[in-house]
Each structure stands twice: as structure tokens, then as C-alpha cells.
file input.pdb (PDB, C-alpha atoms)
ATOM      1  CA  MET A   5      93.227 206.267-158.654
ATOM      2  CA  ASN A   6      96.720 204.885-157.963
ATOM      3  CA  THR A   7      98.001 201.398-158.713
ATOM      4  CA  TYR A   8     100.294 199.703-156.213
ATOM      5  CA  ALA A   9     101.952 196.292-156.106
ATOM      6  CA  TYR A  10     103.128 194.036-153.328
ATOM      7  CA  ALA A  11     105.815 191.363-153.592
ATOM      8  CA  ARG A  12     107.000 188.928-150.943
ATOM      9  CA  VAL A  13     109.471 186.098-150.463
ATOM     10  CA  SER A  14     110.045 184.208-147.246
ATOM     11  CA  ALA A  15     113.802 184.563-146.802
ATOM     12  CA  LYS A  16     116.500 187.167-147.400
ATOM     13  CA  ASP A  17     118.389 184.909-149.816
ATOM     14  CA  GLN A  18     115.336 184.470-152.059
ATOM     15  CA  ASN A  19     114.808 186.566-155.190
ATOM     16  CA  LEU A  20     111.951 189.010-155.787
ATOM     17  CA  GLU A  21     112.883 189.543-159.435
ATOM     18  CA  ARG A  22     110.134 187.438-161.050
ATOM     19  CA  GLN A  23     107.414 189.314-159.191
ATOM     20  CA  LEU A  24     108.985 192.729-159.821
ATOM     21  CA  VAL A  25     109.305 192.082-163.569
ATOM     22  CA  ALA A  26     105.625 191.118-163.738
ATOM     23  CA  PHE A  27     104.615 194.354-162.018
ATOM     24  CA  ILE A  28     106.764 196.529-164.264
ATOM     25  CA  GLU A  29     105.373 194.787-167.355
ATOM     26  CA  PHE A  30     101.896 195.518-166.013
ATOM     27  CA  GLY A  31     102.873 199.189-165.987
ATOM     28  CA  ILE A  32     103.341 199.853-162.270
ATOM     29  CA  GLU A  33     105.870 202.513-161.276
ATOM     30  CA  LYS A  34     108.823 201.242-159.214
ATOM     31  CA  SER A  35     108.079 203.815-156.504
ATOM     32  CA  ARG A  36     104.689 202.168-155.979
ATOM     33  CA  ILE A  37     105.993 198.627-155.579
ATOM     34  CA  PHE A  38     106.358 197.433-151.993
ATOM     35  CA  SER A  39     108.174 194.250-150.998
ATOM     36  CA  ASP A  40     109.096 192.219-147.942
ATOM     37  CA  LYS A  41     111.480 189.349-147.353
ATOM     38  CA  LYS A  42     109.588 187.730-144.535
ATOM     39  CA  SER A  43     107.421 184.707-143.753
ATOM     40  CA  GLY A  44     103.770 184.786-144.821
ATOM     41  CA  LYS A  45     102.585 183.293-141.526
ATOM     42  CA  ASP A  46     101.116 186.681-140.519
ATOM     43  CA  PHE A  47     100.887 190.282-141.724
ATOM     44  CA  GLU A  48     103.419 191.807-139.323
ATOM     45  CA  ARG A  49     105.611 193.084-142.164
ATOM     46  CA  LYS A  50     107.169 196.535-142.395
ATOM     47  CA  GLU A  51     106.625 197.272-146.099
ATOM     48  CA  TYR A  52     103.162 195.720-146.159
ATOM     49  CA  LYS A  53     102.093 198.050-143.345
ATOM     50  CA  ARG A  54     103.504 201.011-145.278
ATOM     51  CA  LEU A  55     101.491 199.908-148.301
ATOM     52  CA  LEU A  56      98.239 199.757-146.321
ATOM     53  CA  LYS A  57      98.766 203.358-145.184
ATOM     54  CA  LYS A  58      99.084 204.405-148.842
ATOM     55  CA  LEU A  59      96.011 202.556-150.153
ATOM     56  CA  LYS A  60      92.924 204.710-150.601
ATOM     57  CA  ASN A  61      89.385 204.167-151.838
ATOM     58  CA  GLY A  62      89.443 203.432-155.579
ATOM     59  CA  ASP A  63      93.134 202.392-155.676
ATOM     60  CA  LEU A  64      94.265 199.068-157.146
ATOM     61  CA  LEU A  65      96.564 196.587-155.410
ATOM     62  CA  VAL A  66      98.290 194.053-157.679
ATOM     63  CA  ILE A  67      99.886 190.841-156.403
ATOM     64  CA  LYS A  68     101.491 188.027-158.415
ATOM     65  CA  SER A  69      99.741 185.185-156.596
ATOM     66  CA  ILE A  70      97.597 184.796-153.504
ATOM     67  CA  ASP A  71     100.373 183.133-151.482
ATOM     68  CA  ARG A  72     102.512 186.268-151.911
ATOM     69  CA  LEU A  73      99.874 188.078-149.851
ATOM     70  CA  GLY A  74     100.157 185.477-147.088
ATOM     71  CA  ARG A  75      99.981 181.822-146.104
ATOM     72  CA  ASN A  76      97.441 181.875-143.283
ATOM     73  CA  TYR A  77      93.938 181.005-144.509
ATOM     74  CA  ASP A  78      91.887 183.015-141.992
ATOM     75  CA  GLN A  79      94.191 186.031-142.154
ATOM     76  CA  ILE A  80      94.200 186.126-145.962
ATOM     77  CA  ILE A  81      90.389 186.165-146.030
ATOM     78  CA  ALA A  82      90.271 188.858-143.319
ATOM     79  CA  GLU A  83      92.942 190.992-145.018
ATOM     80  CA  TRP A  84      91.205 190.704-148.391
ATOM     81  CA  ALA A  85      87.956 191.940-146.796
ATOM     82  CA  HIS A  86      89.786 194.778-145.039
ATOM     83  CA  ILE A  87      91.335 196.043-148.279
ATOM     84  CA  THR A  88      88.256 195.686-150.481
ATOM     85  CA  ASN A  89      85.517 196.586-147.978
ATOM     86  CA  THR A  90      87.059 198.819-145.286
ATOM     87  CA  ILE A  91      89.606 200.679-147.421
ATOM     88  CA  GLY A  92      87.587 200.377-150.614
ATOM     89  CA  ALA A  93      90.507 199.465-152.869
ATOM     90  CA  ASP A  94      90.482 196.768-155.559
ATOM     91  CA  ILE A  95      92.768 193.733-155.760
ATOM     92  CA  LEU A  96      94.067 191.959-158.850
ATOM     93  CA  VAL A  97      95.889 188.611-158.689
ATOM     94  CA  LEU A  98      97.942 188.304-161.882
ATOM     95  CA  ASP A  99      98.207 184.516-161.814
ATOM     96  CA  MET A 100      94.440 184.124-161.288
ATOM     97  CA  PRO A 101      92.426 186.625-163.396
ATOM     98  CA  LEU A 102      89.188 185.463-161.732
ATOM     99  CA  LEU A 103      90.416 187.262-158.623
ATOM    100  CA  ASP A 104      89.967 190.790-159.921
ATOM    101  CA  THR A 105      87.604 192.883-157.829
ATOM    102  CA  ARG A 106      87.429 195.527-160.557
ATOM    103  CA  THR A 107      85.091 193.092-162.321
ATOM    104  CA  LYS A 108      82.004 193.618-160.265
ATOM    105  CA  THR A 109      80.233 190.349-159.556
ATOM    106  CA  GLU A 110      76.700 191.658-159.664
ATOM    107  CA  THR A 111      75.111 188.212-159.920
ATOM    108  CA  LEU A 112      74.968 185.728-157.070
ATOM    109  CA  VAL A 113      76.732 183.122-159.213
ATOM    110  CA  GLY A 114      79.581 185.520-160.047
ATOM    111  CA  LYS A 115      80.119 186.425-156.413
ATOM    112  CA  PHE A 116      79.969 182.763-155.395
ATOM    113  CA  ILE A 117      82.627 181.783-157.946
ATOM    114  CA  SER A 118      84.922 184.635-156.849
ATOM    115  CA  ASP A 119      84.555 183.763-153.148
ATOM    116  CA  VAL A 120      85.154 180.058-153.757
ATOM    117  CA  VAL A 121      88.309 180.734-155.794
ATOM    118  CA  LEU A 122      89.679 183.030-153.076
ATOM    119  CA  GLN A 123      88.969 180.532-150.321
ATOM    120  CA  VAL A 124      90.394 177.584-152.246
ATOM    121  CA  LEU A 125      93.615 179.427-153.112
ATOM    122  CA  SER A 126      93.959 180.691-149.528
ATOM    123  CA  PHE A 127      93.562 177.129-148.274
ATOM    124  CA  VAL A 128      96.186 175.907-150.745
ATOM    125  CA  ALA A 129      98.598 178.663-149.612
ATOM    126  CA  GLU A 130      98.302 177.702-145.935
ATOM    127  CA  ASN A 131      98.401 173.983-146.713
ATOM    128  CA  GLU A 132     101.649 174.414-148.625
ATOM    129  CA  ARG A 133     103.159 176.270-145.671
ATOM    130  CA  GLU A 134     102.212 173.405-143.357
ATOM    131  CA  ASN A 135     103.700 170.904-145.829
ATOM    132  CA  ILE A 136     106.968 172.876-145.921
ATOM    133  CA  LYS A 137     107.148 172.873-142.120
ATOM    134  CA  ALA A 138     106.420 169.137-142.042
ATOM    135  CA  ARG A 139     109.145 168.411-144.618
ATOM    136  CA  GLN A 140     111.631 170.513-142.641
ATOM    137  CA  ALA A 141     110.775 168.677-139.410
ATOM    138  CA  GLU A 142     111.147 165.299-141.146
ATOM    139  CA  GLY A 143     114.512 166.346-142.557
ATOM    140  CA  ILE A 144     115.750 167.458-139.144
ATOM    141  CA  ARG A 145     114.589 164.227-137.495
ATOM    142  CA  ALA A 146     116.302 162.165-140.198
ATOM    143  CA  ALA A 147     119.539 164.140-139.817
ATOM    144  CA  ILE A 148     119.498 163.778-136.020
ATOM    145  CA  GLY A 149     118.936 160.045-136.494
ATOM    146  CA  LYS A 150     122.145 159.943-138.540
ATOM    147  CA  GLY A 151     124.063 161.715-135.787
ATOM    148  CA  ILE A 152     124.149 165.149-137.420
ATOM    149  CA  LYS A 153     124.190 167.943-134.850
ATOM    150  CA  PHE A 154     122.660 171.370-135.444
ATOM    151  CA  GLY A 155     123.758 174.736-134.185
ATOM    152  CA  ARG A 156     127.168 176.293-133.715
ATOM    153  CA  ARG A 157     129.800 173.904-132.395
ATOM    154  CA  PRO A 158     130.709 174.880-128.815
ATOM    155  CA  THR A 159     134.222 176.219-128.280
ATOM    156  CA  GLU A 160     136.530 173.946-126.309
ATOM    157  CA  TYR A 161     139.428 175.455-124.369
ATOM    158  CA  SER A 162     142.648 173.666-123.604
ATOM    159  CA  ASP A 163     144.259 173.593-120.177
ATOM    160  CA  GLU A 164     146.990 175.831-121.606
ATOM    161  CA  PHE A 165     144.419 178.446-122.657
ATOM    162  CA  LEU A 166     142.756 178.428-119.248
ATOM    163  CA  SER A 167     146.131 178.612-117.540
ATOM    164  CA  VAL A 168     147.057 181.740-119.510
ATOM    165  CA  ALA A 169     143.633 183.227-118.801
ATOM    166  CA  CYS A 170     144.166 182.590-115.103
ATOM    167  CA  ASP A 171     147.599 184.226-115.206
ATOM    168  CA  TYR A 172     146.084 187.250-116.944
ATOM    169  CA  ILE A 173     143.230 187.565-114.449
ATOM    170  CA  GLU A 174     145.618 187.244-111.505
ATOM    171  CA  LYS A 175     147.807 189.983-113.052
ATOM    172  CA  ARG A 176     150.772 187.659-113.331
ATOM    173  CA  ILE A 177     150.956 188.623-117.001
ATOM    174  CA  ASN A 178     149.548 191.588-118.904
ATOM    175  CA  SER A 179     147.025 191.394-121.744
ATOM    176  CA  LYS A 180     149.688 191.827-124.450
ATOM    177  CA  THR A 181     151.666 188.856-123.167
ATOM    178  CA  ALA A 182     148.488 186.758-122.829
ATOM    179  CA  MET A 183     147.430 187.581-126.372
ATOM    180  CA  ASN A 184     150.881 186.692-127.720
ATOM    181  CA  LEU A 185     150.893 183.381-125.857
ATOM    182  CA  LEU A 186     147.438 182.510-127.176
ATOM    183  CA  GLY A 187     148.025 183.886-130.663
ATOM    184  CA  LEU A 188     144.963 186.113-130.417
ATOM    185  CA  LYS A 189     144.255 189.693-131.377
ATOM    186  CA  LYS A 190     142.636 192.066-128.898
ATOM    187  CA  ASN A 191     139.011 191.619-129.999
ATOM    188  CA  ASN A 192     139.277 187.822-130.149
ATOM    189  CA  PHE A 193     141.063 187.660-126.818
ATOM    190  CA  TYR A 194     138.321 189.522-124.962
ATOM    191  CA  TYR A 195     135.642 187.677-126.923
ATOM    192  CA  HIS A 196     136.906 184.342-125.588
ATOM    193  CA  ILE A 197     137.191 185.651-122.043
ATOM    194  CA  ASP A 198     133.590 186.809-122.287
ATOM    195  CA  TYR A 199     132.562 183.507-123.909
ATOM    196  CA  ILE A 200     134.036 181.542-121.023
ATOM    197  CA  GLU A 201     132.006 183.598-118.586
ATOM    198  CA  LYS A 202     128.766 182.862-120.455
ATOM    199  CA  ARG A 203     129.327 179.226-121.417
ATOM    200  CA  ILE A 204     131.058 177.717-118.414
ATOM    201  CA  ASN A 205     129.087 177.731-115.175
ATOM    202  CA  SER A 206     130.611 179.802-112.399
ATOM    203  CA  LYS A 207     131.498 176.834-110.149
ATOM    204  CA  THR A 208     133.431 175.082-112.924
ATOM    205  CA  ALA A 209     135.184 178.307-113.926
ATOM    206  CA  MET A 210     136.237 179.067-110.345
ATOM    207  CA  ASN A 211     137.708 175.585-109.986
ATOM    208  CA  LEU A 212     139.542 175.830-113.310
ATOM    209  CA  LEU A 213     140.923 179.286-112.505
ATOM    210  CA  GLY A 214     141.625 178.586-108.843
ATOM    211  CA  LEU A 215     139.598 181.574-107.656
ATOM    212  CA  LYS A 216     137.188 182.056-104.801
ATOM    213  CA  LYS A 217     133.729 183.487-105.511
ATOM    214  CA  ASN A 218     134.462 187.137-104.654
ATOM    215  CA  ASN A 219     137.706 187.237-106.643
ATOM    216  CA  PHE A 220     136.137 185.385-109.563
ATOM    217  CA  TYR A 221     133.298 187.863-110.069
ATOM    218  CA  TYR A 222     135.568 190.831-109.397
ATOM    219  CA  HIS A 223     137.849 189.832-112.259
ATOM    220  CA  ILE A 224     135.014 188.862-114.588
ATOM    221  CA  TYR A 225     133.312 192.243-114.249
ATOM    222  CA  ARG A 226     136.631 194.062-114.538
ATOM    223  CA  ILE A 227     137.289 192.274-117.835
ATOM    224  CA  LYS A 228     133.807 193.247-119.081
ATOM    225  CA  ASP A 229     134.448 196.901-118.188
ATOM    226  CA  LEU A 230     137.713 196.859-120.126
ATOM    227  CA  TYR A 231     136.153 195.163-123.133
ATOM    228  CA  TYR A 232     132.894 197.085-123.449
TER     229      TYR A 232
END

call {"tool": "encode", "arguments": {"input": "input.pdb", "output": "C-alpha cells"}}
result
Amino acid sequence: MNTYAYARVSAKDQNLERQLVAFIEFGIEKSRIFSDKKSGKDFERKEYKRLLKKLKNGDLLVIKSIDRLGRNYDQIIAEWAHITNTIGADILVLDMPLLDTRTKTETLVGKFISDVVLQVLSFVAENERENIKARQAEGIRAAIGKGIKFGRRPTEYSDEFLSVACDYIEKRINSKTAMNLLGLKKNNFYYHIDYIEKRINSKTAMNLLGLKKNNFYYHIYRIKDLYY
């Protein structure tokens, strides 16, 4: 029989340390601890899938709390059944000793209590996820109401910039001269040329650059070939 552990946090900037310390104190080898930094909305997680492939009949899976397994009520119940019934492994939830399948619930009352605890905690896990989403949505709505804008601020180009870009495209100046005039290094220079292509619609760009359709696309694709 092997003992494994699974830890999870929802975001890359969150810390797994508290869960890992609990597992090590329980006596689990580091090589048998699996962890993901991903949302608990489903079980599409790389390390969790690796763990399932390792679990065998008679093994023990340890988790810190039920919401570390997941935050979707139906999926938690289904995954619990898959591990304990299909695979035949046991599960221990450190923060809730009642959820320890090594303690066989031979009586109807014992099984009932265990099932109720699992379902209640699974419900709480999903409910908390929904509350988090609701709080985030409320915060965003409040911020928008105050005039706060989200997302990266769009780049605005001056007439001087577009004039230099036009001169470069029309071969009136070379790239070195254009970069010096704009104060840009090579990578940034071609980044902005590419950005203009993606962010400004073709009709507007052609008018700004004074190019007809055929010449416009010829120069745009030539720039892309040089850059990439």
C-alpha cells in the first residue's frame, strides 16, 4: 500500500506551503505529493491526472480539505466514488477526520453520517466558489460604474509616428533611420508595425499611410516576413 497526497490552489501566485507541510508532518514522501495551481471548477488538471494513474487498490489518498479536491458538487461526489469504488483506494481528509474511508462504516448509521458529511462539505465548496465569482462580478460592476477601465490600454500613435512608418514602407527611408527617428530598437519597431496592422482596420490604415489596397497588403506582408 502506498500513501499519496494531493494539494491545490487556484492561482499561480497562491502558496501551497500550508498543505505541503501538513502532508510531510503526516509522513508522506515528497515524491508522492502531487499539486496543481489551477481552478477547482473541474478535474482537468495535469498533476491530478498523473496522480490517478498512480493510485492502485489499497492505496491511500490524503487531502487537506475537501475543497482542495474540487469546487463542483456533482464532480466531487463522482470523483470520490471513482477513487473509492472503481480504483479501490481510500481517502483521508485531514481537516475532517470523519471523512476517512479506512474506517469502514459497517452500520447504516455510520455510512449515512459519512455520506452526509461528504455531501455537505462538497456543497459548501461549490457554494463558496459561486460566492467568489459573485463578489468578483460585483467588484467589476462597481469599478466600471466609477469609470475604471479594464484590460491593456490601447496604444495611440501620433501623426509623426505614422508619417515615419509610411516613409519606411515606401522605402523613402531605411529601417535604421526609421528606428532612430522613432527612438525604437529593432524588436519594438517591428512590434509596433505589426500592432498597427492588427489594431487599425485596413481602410483606416490605407488612408493614414496613403496607400492603395494592393500596395498596402504587399508592404504589410513584406514587413511580417522580415520580422518573423

call {"tool": "closest_residue", "arguments": {"input": "input.pdb", "among": "A:His86, A:Arg176, A:Arg49, A:Arg54", "to": "A:Val13", "atoms": "all atoms listed in the file"}}
result
A:Arg49

call {"tool": "residues_around", "arguments": {"input": "input.pdb", "residues": "A:Leu59", "least_positions_apart": "5", "cutoff": "12 Å", "atoms": "only C-alpha atoms", "output": "mmCIF file with C-alpha atoms, keeping the file's coordinate frame"}}
result
data_model
loop_
_atom_site.group_PDB
_atom_site.id
_atom_site.type_symbol
_atom_site.label_atom_id
_atom_site.label_comp_id
_atom_site.auth_asym_id
_atom_site.auth_seq_id
_atom_site.Cartn_x
_atom_site.Cartn_y
_atom_site.Cartn_z
ATOM 1 C CA MET A 5 93.227 206.267 -158.654
ATOM 2 C CA ASN A 6 96.720 204.885 -157.963
ATOM 3 C CA THR A 7 98.001 201.398 -158.713
ATOM 4 C CA TYR A 8 100.294 199.703 -156.213
ATOM 5 C CA ALA A 9 101.952 196.292 -156.106
ATOM 6 C CA TYR A 10 103.128 194.036 -153.328
ATOM 7 C CA ARG A 36 104.689 202.168 -155.979
ATOM 8 C CA PHE A 38 106.358 197.433 -151.993
ATOM 9 C CA TYR A 52 103.162 195.720 -146.159
ATOM 10 C CA LYS A 53 102.093 198.050 -143.345
ATOM 11 C CA ARG A 54 103.504 201.011 -145.278
ATOM 12 C CA LEU A 64 94.265 199.068 -157.146
ATOM 13 C CA LEU A 65 96.564 196.587 -155.410
ATOM 14 C CA VAL A 66 98.290 194.053 -157.679
ATOM 15 C CA HIS A 86 89.786 194.778 -145.039
ATOM 16 C CA ILE A 87 91.335 196.043 -148.279
ATOM 17 C CA THR A 88 88.256 195.686 -150.481
ATOM 18 C CA THR A 90 87.059 198.819 -145.286
ATOM 19 C CA ILE A 91 89.606 200.679 -147.421
ATOM 20 C CA GLY A 92 87.587 200.377 -150.614
ATOM 21 C CA ALA A 93 90.507 199.465 -152.869
ATOM 22 C CA ASP A 94 90.482 196.768 -155.559
ATOM 23 C CA ILE A 95 92.768 193.733 -155.760
#

call {"tool": "atom_distance", "arguments": {"input": "input.pdb", "atom1": "atom CA of A:Glu33", "atom2": "atom CA of A:Lys45"}}
result
27.8 Å

call {"tool": "closest_residue", "arguments": {"input": "input.pdb", "among": "A:Leu188, A:Leu103, A:Arg12, A:Asn178", "to": "A:Lys50", "atoms": "only C-alpha atoms"}}
result
A:Arg12

call {"tool": "closest_residue", "arguments": {"input": "input.pdb", "among": "A:Lys42, A:Ile37, A:Leu73, A:Ser179", "to": "A:Asp17", "atoms": "all atoms listed in the file"}}
result
A:Lys42

call {"tool": "atom_distance", "arguments": {"input": "input.pdb", "atom1": "atom CA of A:Ser162", "atom2": "atom CA of A:Ile177"}}
result
18.3 Å

call {"tool": "atom_distance", "arguments": {"input": "input.pdb", "atom1": "atom CA of A:Glu48", "atom2": "atom CA of A:Thr107"}}
result
29.4 Å

call {"tool": "closest_residue", "arguments": {"input": "input.pdb", "among": "A:Asp171, A:Asp63, A:Glu21, A:Glu164", "to": "A:Thr105", "atoms": "all atoms listed in the file"}}
result
A:Asp63

call {"tool": "closest_residue", "arguments": {"input": "input.pdb", "among": "A:Leu55, A:Ser69, A:Gln123, A:Gly62", "to": "A:Ile81", "atoms": "all atoms listed in the file"}}
result
A:Gln123

call {"tool": "axis_aligned_box", "arguments": {"input": "input.pdb", "around": "stretch 97-104 of chain A", "padding_each_side": "8 Å", "output": "lines of an AutoDock Vina configuration file"}}
result
center_x = 93.7
center_y = 187.5
center_z = -161.0
size_x = 25.0
size_y = 22.7
size_z = 20.8

call {"tool": "closest_residue", "arguments": {"input": "input.pdb", "among": "A:Leu186, A:Lys68, A:Tyr199, A:Arg22", "to": "A:Leu96", "atoms": "all atoms listed in the file"}}
result
A:Lys68
